[in-house]
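One file, final-v2.pdb, carrying PDB, C-alpha atoms and all ligand atoms:
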```
MODEL        1
ATOM      1  CA  MET A 236      18.672 -12.434  14.115
ATOM      2  CA  PHE A 237      16.823  -9.141  14.595
ATOM      3  CA  LEU A 238      16.773  -9.011  18.418
ATOM      4  CA  SER A 239      18.963 -11.050  20.680
ATOM      5  CA  ILE A 240      18.848 -10.955  24.482
ATOM      6  CA  LYS A 241      21.443 -12.747  26.589
ATOM      7  CA  ASP A 242      21.451 -13.374  30.336
ATOM      8  CA  LEU A 243      19.647 -10.144  31.136
ATOM      9  CA  LYS A 244      19.373  -9.320  34.846
ATOM     10  CA  LYS A 245      17.737  -6.461  36.681
ATOM     11  CA  SER A 246      17.015  -5.751  40.321
ATOM     12  CA  PHE A 247      15.504  -2.805  42.145
ATOM     13  CA  GLY A 248      16.464  -1.551  45.613
ATOM     14  CA  GLU A 249      19.522  -2.378  47.709
ATOM     15  CA  ASP A 250      20.626  -4.758  50.482
ATOM     16  CA  GLU A 251      17.662  -6.221  52.345
ATOM     17  CA  TYR A 252      15.285  -4.238  50.097
ATOM     18  CA  LYS A 253      16.775  -5.662  46.909
ATOM     19  CA  THR A 254      14.289  -7.409  44.590
ATOM     20  CA  GLU A 255      15.584  -9.395  41.647
ATOM     21  CA  VAL A 256      13.036  -8.767  38.916
ATOM     22  CA  LEU A 257      14.794 -10.302  35.897
ATOM     23  CA  LYS A 258      16.945 -13.294  36.808
ATOM     24  CA  GLY A 259      18.679 -14.154  33.535
ATOM     25  CA  ILE A 260      16.559 -13.727  30.423
ATOM     26  CA  ASP A 261      17.608 -15.216  27.068
ATOM     27  CA  PHE A 262      15.638 -15.114  23.837
ATOM     28  CA  GLU A 263      15.740 -14.102  20.198
ATOM     29  CA  ILE A 264      13.190 -12.580  17.819
ATOM     30  CA  GLU A 265      13.352 -12.634  14.046
ATOM     31  CA  LYS A 266      12.709  -9.591  11.897
ATOM     32  CA  GLY A 267       9.011  -8.961  11.268
ATOM     33  CA  GLU A 268       7.798 -11.299  14.006
ATOM     34  CA  ILE A 269       4.947 -10.474  16.335
ATOM     35  CA  CYS A 270       6.030 -11.597  19.798
ATOM     36  CA  VAL A 271       3.576 -11.742  22.696
ATOM     37  CA  LEU A 272       4.964 -11.544  26.215
ATOM     38  CA  LEU A 273       2.701 -13.105  28.849
ATOM     39  CA  GLY A 274       3.057 -13.760  32.554
ATOM     40  CA  PRO A 275       1.459 -13.048  35.921
ATOM     41  CA  SER A 276       1.457  -9.600  37.440
ATOM     42  CA  GLY A 277       4.913  -8.775  38.811
ATOM     43  CA  SER A 278       6.726 -11.353  36.647
ATOM     44  CA  GLY A 279       8.841  -8.612  35.026
ATOM     45  CA  LYS A 280       7.145  -8.036  31.645
ATOM     46  CA  SER A 281       7.106  -4.233  31.726
ATOM     47  CA  THR A 282      10.614  -4.109  33.184
ATOM     48  CA  LEU A 283      11.856  -6.226  30.277
ATOM     49  CA  LEU A 284       9.997  -4.084  27.733
ATOM     50  CA  ASN A 285      11.390  -0.884  29.267
ATOM     51  CA  ILE A 286      14.936  -2.235  29.055
ATOM     52  CA  ILE A 287      14.459  -3.257  25.407
ATOM     53  CA  GLY A 288      12.971   0.230  24.851
ATOM     54  CA  GLY A 289      16.027   1.935  26.313
ATOM     55  CA  ILE A 290      13.906   3.523  29.064
ATOM     56  CA  ASP A 291      15.636   1.487  31.766
ATOM     57  CA  GLN A 292      19.125  -0.060  32.034
ATOM     58  CA  PRO A 293      19.872  -3.696  32.891
ATOM     59  CA  ASP A 294      22.326  -4.626  35.675
ATOM     60  CA  SER A 295      23.997  -7.147  33.389
ATOM     61  CA  GLY A 296      23.483  -9.053  30.166
ATOM     62  CA  THR A 297      23.225  -7.825  26.594
ATOM     63  CA  ILE A 298      20.587  -6.694  24.131
ATOM     64  CA  THR A 299      21.559  -6.671  20.484
ATOM     65  CA  ILE A 300      19.297  -5.241  17.806
ATOM     66  CA  GLN A 301      20.318  -5.752  14.192
ATOM     67  CA  GLY A 302      23.849  -6.467  15.320
ATOM     68  CA  LYS A 303      24.144  -3.351  17.493
ATOM     69  CA  THR A 304      24.531  -3.820  21.243
ATOM     70  CA  ILE A 305      22.241  -1.314  22.894
ATOM     71  CA  SER A 306      22.648  -2.362  26.524
ATOM     72  CA  THR A 307      25.986  -0.531  26.758
ATOM     73  CA  LEU A 308      25.005   2.681  24.952
ATOM     74  CA  LYS A 309      25.524   6.021  26.698
ATOM     75  CA  GLU A 310      22.568   8.387  27.138
ATOM     76  CA  LYS A 311      23.030  10.340  23.899
ATOM     77  CA  ASP A 312      23.363   7.222  21.745
ATOM     78  CA  LEU A 313      20.450   5.658  23.587
ATOM     79  CA  THR A 314      18.297   8.695  22.763
ATOM     80  CA  ASN A 315      19.245   8.360  19.099
ATOM     81  CA  TYR A 316      18.491   4.651  19.187
ATOM     82  CA  ARG A 317      15.030   5.319  20.647
ATOM     83  CA  ARG A 318      14.404   8.080  18.127
ATOM     84  CA  ASN A 319      15.507   6.153  15.053
ATOM     85  CA  HIS A 320      14.424   2.608  15.777
ATOM     86  CA  LEU A 321      11.620   2.437  18.335
ATOM     87  CA  GLY A 322       7.910   3.075  18.597
ATOM     88  CA  TYR A 323       6.093   2.770  21.922
ATOM     89  CA  VAL A 324       2.369   2.219  22.513
ATOM     90  CA  PHE A 325       1.045   2.378  26.082
ATOM     91  CA  GLN A 326      -2.200   1.290  27.703
ATOM     92  CA  MET A 327      -3.130   4.877  28.560
ATOM     93  CA  TYR A 328      -2.397   6.415  25.102
ATOM     94  CA  ASN A 329      -0.415   9.412  26.513
ATOM     95  CA  LEU A 330      -1.663  11.785  23.810
ATOM     96  CA  ILE A 331      -1.058  15.525  24.065
ATOM     97  CA  SER A 332      -4.460  16.930  25.034
ATOM     98  CA  HIS A 333      -4.312  20.299  23.230
ATOM     99  CA  LEU A 334      -3.164  18.789  19.914
ATOM    100  CA  ASN A 335      -5.550  17.200  17.425
ATOM    101  CA  VAL A 336      -5.180  13.675  15.971
ATOM    102  CA  GLU A 337      -3.019  14.770  13.072
ATOM    103  CA  GLN A 338      -0.788  16.949  15.257
ATOM    104  CA  ASN A 339      -0.325  14.134  17.764
ATOM    105  CA  ILE A 340       0.776  11.860  14.925
ATOM    106  CA  ASP A 341       3.090  14.622  13.683
ATOM    107  CA  VAL A 342       4.942  14.465  17.011
ATOM    108  CA  GLY A 343       6.234  11.058  15.900
ATOM    109  CA  LYS A 344       6.849  12.268  12.366
ATOM    110  CA  TYR A 345       9.159  15.103  13.405
ATOM    111  CA  LEU A 346      11.372  12.575  15.197
ATOM    112  CA  SER A 347      12.083  10.666  12.011
ATOM    113  CA  LYS A 348      14.333  11.138   9.003
ATOM    114  CA  ASN A 349      12.250   8.722   7.005
ATOM    115  CA  PRO A 350       8.562   8.993   7.999
ATOM    116  CA  LEU A 351       5.707   7.063   6.396
ATOM    117  CA  ASN A 352       3.192   8.847   4.193
ATOM    118  CA  LYS A 353       0.739  10.466   6.617
ATOM    119  CA  GLU A 354      -2.345  10.361   4.361
ATOM    120  CA  GLU A 355      -1.889   6.654   3.728
ATOM    121  CA  LEU A 356      -1.323   6.023   7.421
ATOM    122  CA  LEU A 357      -4.440   8.010   8.446
ATOM    123  CA  GLN A 358      -6.360   5.808   6.028
ATOM    124  CA  THR A 359      -4.886   2.593   7.504
ATOM    125  CA  LEU A 360      -5.676   3.877  10.996
ATOM    126  CA  GLY A 361      -9.271   4.729  10.046
ATOM    127  CA  LEU A 362      -8.727   8.266  11.339
ATOM    128  CA  LYS A 363      -9.149  10.406   8.232
ATOM    129  CA  GLU A 364     -12.490  11.876   9.272
ATOM    130  CA  HIS A 365     -11.284  12.433  12.849
ATOM    131  CA  ARG A 366      -8.002  14.120  11.997
ATOM    132  CA  TYR A 367      -8.966  17.555  13.383
ATOM    133  CA  LYS A 368     -10.444  16.263  16.653
ATOM    134  CA  GLN A 369      -8.700  16.600  19.999
ATOM    135  CA  PRO A 370      -8.208  13.532  22.241
ATOM    136  CA  ASN A 371     -11.178  14.415  24.499
ATOM    137  CA  GLN A 372     -13.470  14.225  21.426
ATOM    138  CA  LEU A 373     -12.364  10.652  20.641
ATOM    139  CA  SER A 374     -13.381   7.205  21.881
ATOM    140  CA  GLY A 375     -10.779   5.057  23.662
ATOM    141  CA  GLY A 376     -10.225   3.028  20.497
ATOM    142  CA  GLN A 377      -9.712   6.158  18.378
ATOM    143  CA  GLN A 378      -7.260   7.486  20.953
ATOM    144  CA  GLN A 379      -5.326   4.227  20.841
ATOM    145  CA  ARG A 380      -5.346   4.358  17.019
ATOM    146  CA  THR A 381      -3.860   7.834  17.251
ATOM    147  CA  SER A 382      -1.161   6.665  19.641
ATOM    148  CA  ILE A 383      -0.337   3.759  17.315
ATOM    149  CA  GLY A 384      -0.138   6.310  14.480
ATOM    150  CA  ARG A 385       2.274   8.449  16.472
ATOM    151  CA  ALA A 386       4.461   5.412  17.184
ATOM    152  CA  ILE A 387       4.347   3.959  13.683
ATOM    153  CA  ILE A 388       4.700   7.077  11.480
ATOM    154  CA  LYS A 389       8.446   7.063  11.962
ATOM    155  CA  ASN A 390       8.401   3.499  10.613
ATOM    156  CA  PRO A 391      10.285   2.031  13.571
ATOM    157  CA  ASP A 392      12.088  -1.298  13.195
ATOM    158  CA  LEU A 393      10.638  -2.285  16.540
ATOM    159  CA  LEU A 394       7.197  -1.450  17.928
ATOM    160  CA  LEU A 395       6.772  -2.059  21.658
ATOM    161  CA  CYS A 396       3.206  -2.275  22.964
ATOM    162  CA  ASP A 397       2.577  -2.364  26.722
ATOM    163  CA  GLU A 398      -0.990  -3.592  27.346
ATOM    164  CA  PRO A 399      -2.273  -1.830  24.188
ATOM    165  CA  THR A 400      -5.824  -3.100  24.741
ATOM    166  CA  GLY A 401      -5.810  -2.991  28.541
ATOM    167  CA  ALA A 402      -8.237  -0.069  28.721
ATOM    168  CA  LEU A 403     -10.517  -1.151  25.864
ATOM    169  CA  ASP A 404     -13.677  -3.260  25.548
ATOM    170  CA  TYR A 405     -13.765  -6.559  23.618
ATOM    171  CA  HIS A 406     -14.711  -5.229  20.157
ATOM    172  CA  THR A 407     -12.432  -2.209  20.312
ATOM    173  CA  SER A 408      -9.582  -4.443  21.524
ATOM    174  CA  LYS A 409     -10.050  -6.682  18.507
ATOM    175  CA  ASP A 410     -10.051  -3.630  16.207
ATOM    176  CA  ILE A 411      -6.780  -2.470  17.698
ATOM    177  CA  LEU A 412      -5.214  -5.938  17.426
ATOM    178  CA  GLN A 413      -6.265  -6.076  13.769
ATOM    179  CA  LEU A 414      -4.665  -2.685  13.248
ATOM    180  CA  ILE A 415      -1.421  -3.918  14.840
ATOM    181  CA  GLU A 416      -1.579  -6.956  12.549
ATOM    182  CA  ASP A 417      -2.190  -4.725   9.479
ATOM    183  CA  VAL A 418       0.732  -2.499  10.406
ATOM    184  CA  ASN A 419       2.975  -5.553  10.792
ATOM    185  CA  LYS A 420       1.919  -6.906   7.375
ATOM    186  CA  LYS A 421       2.128  -3.594   5.581
ATOM    187  CA  TYR A 422       5.328  -2.154   7.033
ATOM    188  CA  GLY A 423       7.128  -5.293   8.286
ATOM    189  CA  ASN A 424       7.941  -3.891  11.736
ATOM    190  CA  THR A 425       8.929  -6.329  14.459
ATOM    191  CA  ILE A 426       6.384  -6.059  17.281
ATOM    192  CA  ILE A 427       6.470  -7.017  20.967
ATOM    193  CA  ILE A 428       3.151  -6.966  22.824
ATOM    194  CA  VAL A 429       2.997  -7.249  26.611
ATOM    195  CA  THR A 430      -0.426  -8.394  27.752
ATOM    196  CA  HIS A 431      -2.445 -10.148  30.431
ATOM    197  CA  ASN A 432      -4.808 -11.442  27.775
ATOM    198  CA  ASP A 433      -3.846 -15.025  27.008
ATOM    199  CA  ALA A 434      -5.981 -15.113  23.817
ATOM    200  CA  ILE A 435      -3.683 -12.625  22.057
ATOM    201  CA  LYS A 436      -0.967 -15.302  21.889
ATOM    202  CA  ASP A 437      -2.838 -16.975  19.021
ATOM    203  CA  MET A 438      -2.067 -14.095  16.617
ATOM    204  CA  ALA A 439       1.641 -14.119  17.495
ATOM    205  CA  ASP A 440       4.591 -15.726  15.733
ATOM    206  CA  ARG A 441       6.321 -16.175  19.080
ATOM    207  CA  VAL A 442       4.937 -16.483  22.597
ATOM    208  CA  ILE A 443       7.114 -15.973  25.658
ATOM    209  CA  TYR A 444       5.853 -16.726  29.171
ATOM    210  CA  LEU A 445       7.662 -14.986  31.992
ATOM    211  CA  HIS A 446       7.379 -16.319  35.495
ATOM    212  CA  ASP A 447       9.120 -14.826  38.503
ATOM    213  CA  GLY A 448      11.782 -13.103  36.407
ATOM    214  CA  ARG A 449      12.589 -16.103  34.231
ATOM    215  CA  ILE A 450      11.344 -17.447  30.911
ATOM    216  CA  ARG A 451       9.102 -20.401  31.586
ATOM    217  CA  GLU A 452       8.235 -21.074  27.940
ATOM    218  CA  ASN A 453       9.333 -19.749  24.550
ATOM    219  CA  ILE A 454       7.105 -21.061  21.791
ATOM    220  CA  LYS A 455       7.227 -20.523  18.050
ATOM    221  CA  ASN A 456       3.591 -20.454  16.953
ATOM    222  CA  THR A 457       3.343 -22.095  13.562
ATOM    223  CA  HIS A 458      -0.471 -21.969  13.503
ATOM    224  CA  LYS A 459      -1.187 -18.333  14.134
ATOM    225  CA  ILE A 460      -4.681 -17.058  13.424
ATOM    226  CA  PRO A 461      -5.888 -13.646  12.215
ATOM    227  CA  ALA A 462      -6.662 -11.148  15.001
ATOM    228  CA  LYS A 463     -10.284 -10.958  13.805
ATOM    229  CA  ASP A 464     -10.753 -14.641  14.749
ATOM    230  CA  LEU A 465      -9.474 -14.288  18.316
ATOM    231  CA  ASN A 466     -11.985 -15.028  21.066
ATOM    232  CA  TRP A 467     -12.003 -14.470  24.805
TER     233      TRP A 467
HETATM  234  N1  LIG A 501      11.151   1.303  39.518
HETATM  235  C1  LIG A 501      10.928   0.259  40.315
HETATM  236  N2  LIG A 501      11.368   0.275  41.613
HETATM  237  C2  LIG A 501      11.151  -0.784  42.409
HETATM  238  N3  LIG A 501      10.523  -1.917  42.048
HETATM  239  C3  LIG A 501      10.061  -1.979  40.793
HETATM  240  C4  LIG A 501      10.239  -0.901  39.865
HETATM  241  N4  LIG A 501       9.670  -1.264  38.687
HETATM  242  C5  LIG A 501       9.171  -2.498  38.881
HETATM  243  N5  LIG A 501       9.406  -2.927  40.136
HETATM  244  C6  LIG A 501       9.019  -4.240  40.687
HETATM  245  O1  LIG A 501       9.419  -5.221  39.772
HETATM  246  C7  LIG A 501       8.493  -6.297  39.717
HETATM  247  C8  LIG A 501       8.100  -6.546  38.283
HETATM  248  O2  LIG A 501       7.347  -5.424  37.796
HETATM  249  P1  LIG A 501       6.844  -5.340  36.299
HETATM  250  O3  LIG A 501       6.040  -4.085  36.208
HETATM  251  O4  LIG A 501       7.977  -5.514  35.374
HETATM  252  O5  LIG A 501       5.915  -6.623  36.222
HETATM  253  P2  LIG A 501       4.788  -6.973  35.163
HETATM  254  O6  LIG A 501       4.961  -8.417  34.846
HETATM  255  O7  LIG A 501       4.831  -6.010  34.027
HETATM  256  O8  LIG A 501       3.497  -6.741  36.036
HETATM  257  P3  LIG A 501       2.043  -6.245  35.587
HETATM  258  O9  LIG A 501       1.511  -7.349  34.722
HETATM  259  O10 LIG A 501       1.304  -6.128  36.872
HETATM  260  O11 LIG A 501       2.188  -4.934  34.867
HETATM  261  C9  LIG A 501       7.348  -5.902  40.635
HETATM  262  O12 LIG A 501       7.518  -6.573  41.852
HETATM  263  C10 LIG A 501       7.514  -4.413  40.799
HETATM  264  O13 LIG A 501       7.043  -3.996  42.056
ENDMDL
END
```
Would you mind writing the file out in C-alpha cells?
Ligand SMILES: Nc1ncnc2c1ncn2[C@@H]1O[C@H](COP(=O)(O)OP(=O)(O)OP(=O)(O)O)[C@@H](O)[C@H]1O
Amino acid sequence: MFLSIKDLKKSFGEDEYKTEVLKGIDFEIEKGEICVLLGPSGSGKSTLLNIIGGIDQPDSGTITIQGKTISTLKEKDLTNYRRNHLGYVFQMYNLISHLNVEQNIDVGKYLSKNPLNKEELLQTLGLKEHRYKQPNQLSGGQQQRTSIGRAIIKNPDLLLCDEPTGALDYHTSKDILQLIEDVNKKYGNTIIIVTHNDAIKDMADRVIYLHDGRIRENIKNTHKIPAKDLNW
C-alpha cells in the first residue's frame, strides 16, 4: 500500500477550549490513485491534508508512506520527507511575485535530486509562451498551472492539492483538473485533492467523505470519467 493512515487524531486548543478535529481516521491509498477528499466546511479536510503533508503533527495515530512512518519523524527528517516526496498545490497559488513563470517552477526544481525535464513540463502545462511572464501578467488559470509546475517538477510521489480550483471559473477549473489528470497519467504520482466541489469525485479512483472529524464514506470509484466530461 502506498499510503496508510491508522487511527489519526488531532485536536486544537486546551481544556474547555479543546476542539477535537480528527477523531480517529483510517484509510489507505494505492500508488498512482487520485483520491478526492470531500466534506462540509470544518470537517477536518485541510487539517488532515496538512498532517499528511508534514506541515502539522497529529496527536496520535500513524501515517505510513511507502513503508516509512512519517508521523514520528523529527523536524529535520520531516523537512527531507517534504522535500523529496511531496508537492503541494494551494487555492491561492502562492507564487513568488518578482519571479517569472520559469523561475517560479525552478524553485521546485532546485529542491529535487531528480527533477523532470522542464521543457517537456512547460509543454504539458501549456506555459511555453508565457515562461518569461511574472505572476501579475497571468490569468488565474495560468498562475495555477505555474504552481502545479512548481509542485510537480520535482516529480513527487505524492501531490497534495488543497482546493486547487477554488478560485477559478468553471472552464478554467476544468482545464486545471484535466492538467492534474494528465500529470497523474504521465508521471504516475499519487494525488489527493481536497475540494468542496462534489462533481470532482467522478474523476477520482477513491472518494473519501469526512464528516465531523470522522470518515463517513470511503468509496473505490470503478467508473471514473475523464475530467473533461465533468459537469457542475
Ligand atoms: N490552527 C488551528 N487552531 C485552532 N483551530 C483550528 C486550527 N486549524 C483548524 N482548526 C479548526 O479545525 C476545524 C477543521 O478545520 P479544517 O480547516 O481542517 O476544516 P475543512 O474541512 O478543511 O474546512 P473548509 O472546507 O472550510 O476549509 C475547524 O473547526 C477549524 O476552526
So that I can see what lies close to Asp437 (chain A), please list as a PDB file with C-alpha atoms, keeping the file's coordinate frame the residues with an atom at most 9 Å from it, counting only C-alpha atoms and leaving out residues fewer than 5 positions away in the same chain.
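Saved as around_31.pdb:
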```
ATOM      1  CA  VAL A 442       4.937 -16.483  22.597  1.00  0.00           C
ATOM      2  CA  ASN A 456       3.591 -20.454  16.953  1.00  0.00           C
ATOM      3  CA  HIS A 458      -0.471 -21.969  13.503  1.00  0.00           C
ATOM      4  CA  LYS A 459      -1.187 -18.333  14.134  1.00  0.00           C
ATOM      5  CA  ILE A 460      -4.681 -17.058  13.424  1.00  0.00           C
ATOM      6  CA  PRO A 461      -5.888 -13.646  12.215  1.00  0.00           C
ATOM      7  CA  ALA A 462      -6.662 -11.148  15.001  1.00  0.00           C
ATOM      8  CA  LEU A 465      -9.474 -14.288  18.316  1.00  0.00           C
TER       9      LEU A 465
END
```
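Proximity ranking of A:Ala386, A:Ile450, A:Leu445, A:Leu362 relative to ligand LIG 501 (chain A) places A:Leu445 first, based on all atoms listed in the file.
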Q. For this file, the PyMOL selection byres (((not hetatm)) within 9 of (chain A and resi 501)) selects which residues, as a ChimeraX atom specification?
A. /A:245-248,253-257,273-285,291,397-398,429-431,445-448
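The residues returned by the PyMOL selection byres (((chain A and resi 424) around 6) and not hetatm) for this structure are Gly267, Asp392, Leu393, Asn419, Tyr422, Gly423 and Thr425 of chain A.
Take CA of Leu334 (chain A) and CA of Leu357 (chain A): the distance between them is 15.8 Å.
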